[in-house]
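**Student:** I'm passing along data.txt; it holds compact mmCIF, C-alpha atoms.
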```
# COMPACT_ATOMS: atom_id res chain seq x y z
CA MET A 1 110.03 101.95 221.89
CA ALA A 2 106.83 100.14 222.71
CA VAL A 3 106.68 99.16 226.36
CA ASP A 4 103.55 97.04 225.91
CA GLY A 5 103.95 93.35 226.60
CA ASN A 6 105.45 90.86 229.00
CA TRP A 7 108.85 91.27 230.62
CA ASN A 8 111.11 89.12 232.80
CA ILE A 9 112.97 91.37 235.22
CA THR A 10 115.76 90.87 237.74
CA MET A 11 115.92 93.25 240.69
CA SER A 12 119.16 93.58 242.65
CA THR A 13 118.17 93.93 246.30
CA PRO A 14 119.91 93.90 249.69
CA MET A 15 118.64 90.29 249.97
CA GLY A 16 120.13 89.23 246.63
CA ASP A 17 118.71 89.12 243.12
CA ARG A 18 114.93 88.72 242.86
CA GLN A 19 113.06 87.64 239.72
CA ALA A 20 109.67 88.98 238.64
CA THR A 21 107.39 88.96 235.62
CA LEU A 22 105.86 92.18 234.46
CA THR A 23 102.94 92.85 232.11
CA LEU A 24 102.70 96.44 230.89
CA LYS A 25 100.24 98.39 228.74
CA ASN A 26 100.66 102.02 227.71
CA SER A 27 97.47 103.93 226.94
CA GLY A 28 98.16 107.56 226.09
CA GLY A 29 101.04 107.82 228.56
CA ARG A 30 99.21 105.97 231.35
CA LEU A 31 101.00 102.74 232.22
CA THR A 32 98.98 99.86 233.69
CA GLY A 33 99.64 96.20 234.29
CA THR A 34 100.71 93.62 236.84
CA GLN A 35 103.92 92.49 238.47
CA ALA A 36 104.32 88.97 239.84
CA ALA A 37 107.01 87.38 241.98
CA GLU A 38 107.23 84.31 244.19
CA GLY A 39 103.63 83.28 243.53
CA ASN A 40 102.15 86.72 244.30
CA SER A 41 100.77 89.12 241.69
CA THR A 42 99.85 92.76 242.21
CA GLU A 43 98.57 95.62 240.07
CA ILE A 44 101.01 98.38 239.29
CA PHE A 45 99.87 101.95 240.05
CA ASP A 46 100.82 105.57 239.29
CA GLY A 47 102.39 104.27 236.06
CA THR A 48 103.51 106.61 233.30
CA ALA A 49 105.21 106.15 229.93
CA ASN A 50 106.84 108.99 228.01
CA GLY A 51 108.74 107.86 224.93
CA ASP A 52 111.27 105.28 226.15
CA ASP A 53 110.94 106.38 229.79
CA VAL A 54 108.70 104.43 232.17
CA PHE A 55 107.69 104.75 235.82
CA TRP A 56 105.47 102.60 238.02
CA LYS A 57 104.89 101.60 241.63
CA VAL A 58 103.93 98.31 243.26
CA SER A 59 103.01 97.50 246.84
CA ILE A 60 104.44 94.28 248.23
CA THR A 61 103.96 92.46 251.53
CA ASN A 62 106.79 89.90 251.33
CA PRO A 63 109.39 90.00 252.82
CA MET A 64 107.85 93.12 254.42
CA PRO A 65 105.21 95.71 253.48
CA LEU A 66 106.83 98.19 251.07
CA THR A 67 106.04 100.33 248.06
CA LEU A 68 108.61 99.88 245.31
CA GLU A 69 109.11 102.69 242.77
CA PHE A 70 110.54 101.73 239.36
CA THR A 71 112.10 104.30 237.03
CA GLY A 72 113.40 102.85 233.80
CA LYS A 73 114.05 103.05 230.10
CA VAL A 74 113.02 100.68 227.31
CA ALA A 75 115.62 99.96 224.62
CA GLY A 76 114.44 97.43 222.03
CA ASP A 77 113.74 94.18 223.85
CA GLY A 78 115.44 95.36 227.03
CA ILE A 79 114.34 97.42 230.01
CA SER A 80 116.53 98.74 232.81
CA GLY A 81 116.60 101.33 235.53
CA ASP A 82 116.37 101.82 239.27
CA MET A 83 114.00 100.47 241.89
CA GLY A 84 113.49 102.71 244.90
CA ILE A 85 112.87 100.91 248.19
CA GLY A 86 111.91 103.82 250.43
CA PRO A 87 114.42 104.37 253.23
CA MET A 88 116.68 101.55 251.94
CA GLY A 89 117.66 103.51 248.83
CA SER A 90 117.68 102.59 245.15
CA PHE A 91 118.85 99.42 243.46
CA PRO A 92 119.20 98.50 239.77
CA PHE A 93 116.83 96.32 237.77
CA THR A 94 117.19 94.87 234.29
CA GLY A 95 114.86 92.88 232.11
CA THR A 96 114.10 91.39 228.73
CA ARG A 97 110.93 91.04 226.74
CA ALA A 98 109.34 87.64 227.42
```
For the file at hand, write its structure as structure tokens.
**Tutor:**
Amino acid sequence: MAVDGNWNITMSTPMGDRQATLTLKNSGGRLTGTQAAEGNSTEIFDGTANGDDVFWKVSITNPMPLTLEFTGKVAGDGISGDMGIGPMGSFPFTGTRA
């Protein structure tokens, strides 16, 4: 499935559900874009796309400095997977095409 486009995602975290918007572009398996939440936007990095499988990282500063690692799968107008939060473990995320 094409991953390109805008997505609304919900991340389940230890602090409750968090909403974010995601803009993704796949160019020959290299995934680029931005992720925005709570008024802050950041570039994704180390992104890859292989068929329906996607992976990207984002660095956040709120509520604390962390690098989040997303591993997911695109299915039609849906995206879902796990978000790794370093030493805090992994938590699920889901999303729909905006």
**Student:** Just checking: using all atoms listed in the file, which residue out of A:Lys25, A:Ser90, A:Thr32, A:Ile85 ends up closest to Met64 (chain A)?
**Tutor:**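 Smallest distance to Met64 (chain A) is found for A:Ile85.
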**Student:** Of the candidates A:Gly81, A:Gly76, A:Pro63, A:Pro92, which one gets nearest to Ala37 (chain A) if we count only C-alpha atoms?
**Tutor:**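 Counting only C-alpha atoms, the residue closest to Ala37 (chain A) is A:Pro63.
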**Student:** Mind checking which residues fall within 6 Å of Phe55 (chain A), counting only C-alpha atoms, ignoring those fewer than 4 positions away in the same chain, and posting them as a list of chain:residue names?
**Tutor:** A:Gly47, A:Thr48, A:Phe70, A:Thr71
**Student:** Rank nothing, just name the residue among A:Gln35, A:Asn62, A:Asn40, A:Asn26 nearest to Asn8 (chain A), using only C-alpha atoms.
**Tutor:**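 When distances to Asn8 (chain A) are compared using only C-alpha atoms, the smallest one comes from A:Gln35.
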**Student:** Which residues, written as a list in words, have at least one atom at most 8 Å from Gly33 (chain A), with only C-alpha atoms counted and residues fewer than 2 positions away on the same chain left out?
**Tutor:**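 Selected residues are Leu22, Thr23, Leu24, Lys25, Leu31, Gln35, Glu43 and Ile44 of chain A.
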**Student:** Write a file of the selected residues as a PDB file, in the coordinates of the input, keeping C-alpha atoms.
**Tutor:**
```pdb
ATOM      1  CA  LEU A  22     105.860  92.180 234.460  1.00  0.00           C
ATOM      2  CA  THR A  23     102.940  92.850 232.110  1.00  0.00           C
ATOM      3  CA  LEU A  24     102.700  96.440 230.890  1.00  0.00           C
ATOM      4  CA  LYS A  25     100.240  98.390 228.740  1.00  0.00           C
ATOM      5  CA  LEU A  31     101.000 102.740 232.220  1.00  0.00           C
ATOM      6  CA  GLN A  35     103.920  92.490 238.470  1.00  0.00           C
ATOM      7  CA  GLU A  43      98.570  95.620 240.070  1.00  0.00           C
ATOM      8  CA  ILE A  44     101.010  98.380 239.290  1.00  0.00           C
TER       9      ILE A  44
END
```
**Student:** May I ask which of the residues A:Leu66, A:Val54, A:Met15, A:Ala98 is the closest one to Gly84 (chain A), counting only C-alpha atoms?
**Tutor:**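 Checking each candidate against Gly84 (chain A), we get A:Leu66 as the closest.
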**Student:** Quick one: region 66-83 of chain A with N, CA and C atoms, as an mmCIF file, in the coordinates of the input?
**Tutor:**
```cif
data_model
loop_
_atom_site.group_PDB
_atom_site.id
_atom_site.type_symbol
_atom_site.label_atom_id
_atom_site.label_comp_id
_atom_site.auth_asym_id
_atom_site.auth_seq_id
_atom_site.Cartn_x
_atom_site.Cartn_y
_atom_site.Cartn_z
ATOM 1 N N LEU A 66 106.075 97.104 251.684
ATOM 2 C CA LEU A 66 106.830 98.190 251.070
ATOM 3 C C LEU A 66 106.156 98.630 249.787
ATOM 4 N N THR A 67 106.394 99.871 249.402
ATOM 5 C CA THR A 67 106.040 100.330 248.060
ATOM 6 C C THR A 67 107.344 100.492 247.292
ATOM 7 N N LEU A 68 107.434 99.799 246.165
ATOM 8 C CA LEU A 68 108.610 99.880 245.310
ATOM 9 C C LEU A 68 108.313 100.850 244.170
ATOM 10 N N GLU A 69 109.268 101.721 243.855
ATOM 11 C CA GLU A 69 109.110 102.690 242.770
ATOM 12 C C GLU A 69 110.148 102.390 241.689
ATOM 13 N N PHE A 70 109.669 102.081 240.488
ATOM 14 C CA PHE A 70 110.540 101.730 239.360
ATOM 15 C C PHE A 70 110.628 102.904 238.389
ATOM 16 N N THR A 71 111.842 103.295 238.049
ATOM 17 C CA THR A 71 112.100 104.300 237.030
ATOM 18 C C THR A 71 113.032 103.662 236.019
ATOM 19 N N GLY A 72 112.581 103.569 234.761
ATOM 20 C CA GLY A 72 113.400 102.850 233.800
ATOM 21 C C GLY A 72 113.287 103.384 232.388
ATOM 22 N N LYS A 73 114.007 102.701 231.511
ATOM 23 C CA LYS A 73 114.050 103.050 230.100
ATOM 24 C C LYS A 73 113.974 101.773 229.285
ATOM 25 N N VAL A 74 113.146 101.802 228.232
ATOM 26 C CA VAL A 74 113.020 100.680 227.310
ATOM 27 C C VAL A 74 113.970 100.917 226.141
ATOM 28 N N ALA A 75 114.727 99.892 225.782
ATOM 29 C CA ALA A 75 115.620 99.960 224.620
ATOM 30 C C ALA A 75 115.475 98.641 223.858
ATOM 31 N N GLY A 76 114.685 98.655 222.790
ATOM 32 C CA GLY A 76 114.440 97.430 222.030
ATOM 33 C C GLY A 76 113.720 96.407 222.873
ATOM 34 N N ASP A 77 114.338 95.235 223.038
ATOM 35 C CA ASP A 77 113.740 94.180 223.850
ATOM 36 C C ASP A 77 114.317 94.139 225.249
ATOM 37 N N GLY A 78 114.879 95.269 225.687
ATOM 38 C CA GLY A 78 115.440 95.360 227.030
ATOM 39 C C GLY A 78 114.800 96.502 227.811
ATOM 40 N N ILE A 79 114.820 96.374 229.111
ATOM 41 C CA ILE A 79 114.340 97.420 230.010
ATOM 42 C C ILE A 79 115.306 97.456 231.192
ATOM 43 N N SER A 80 115.631 98.643 231.671
ATOM 44 C CA SER A 80 116.530 98.740 232.810
ATOM 45 C C SER A 80 116.303 100.063 233.516
ATOM 46 N N GLY A 81 116.746 100.113 234.760
ATOM 47 C CA GLY A 81 116.600 101.330 235.530
ATOM 48 C C GLY A 81 116.868 101.088 236.998
ATOM 49 N N ASP A 82 116.192 101.894 237.825
ATOM 50 C CA ASP A 82 116.370 101.820 239.270
ATOM 51 C C ASP A 82 115.048 101.525 239.955
ATOM 52 N N MET A 83 115.148 100.784 241.049
ATOM 53 C CA MET A 83 114.000 100.470 241.890
ATOM 54 C C MET A 83 114.242 101.116 243.243
#
```
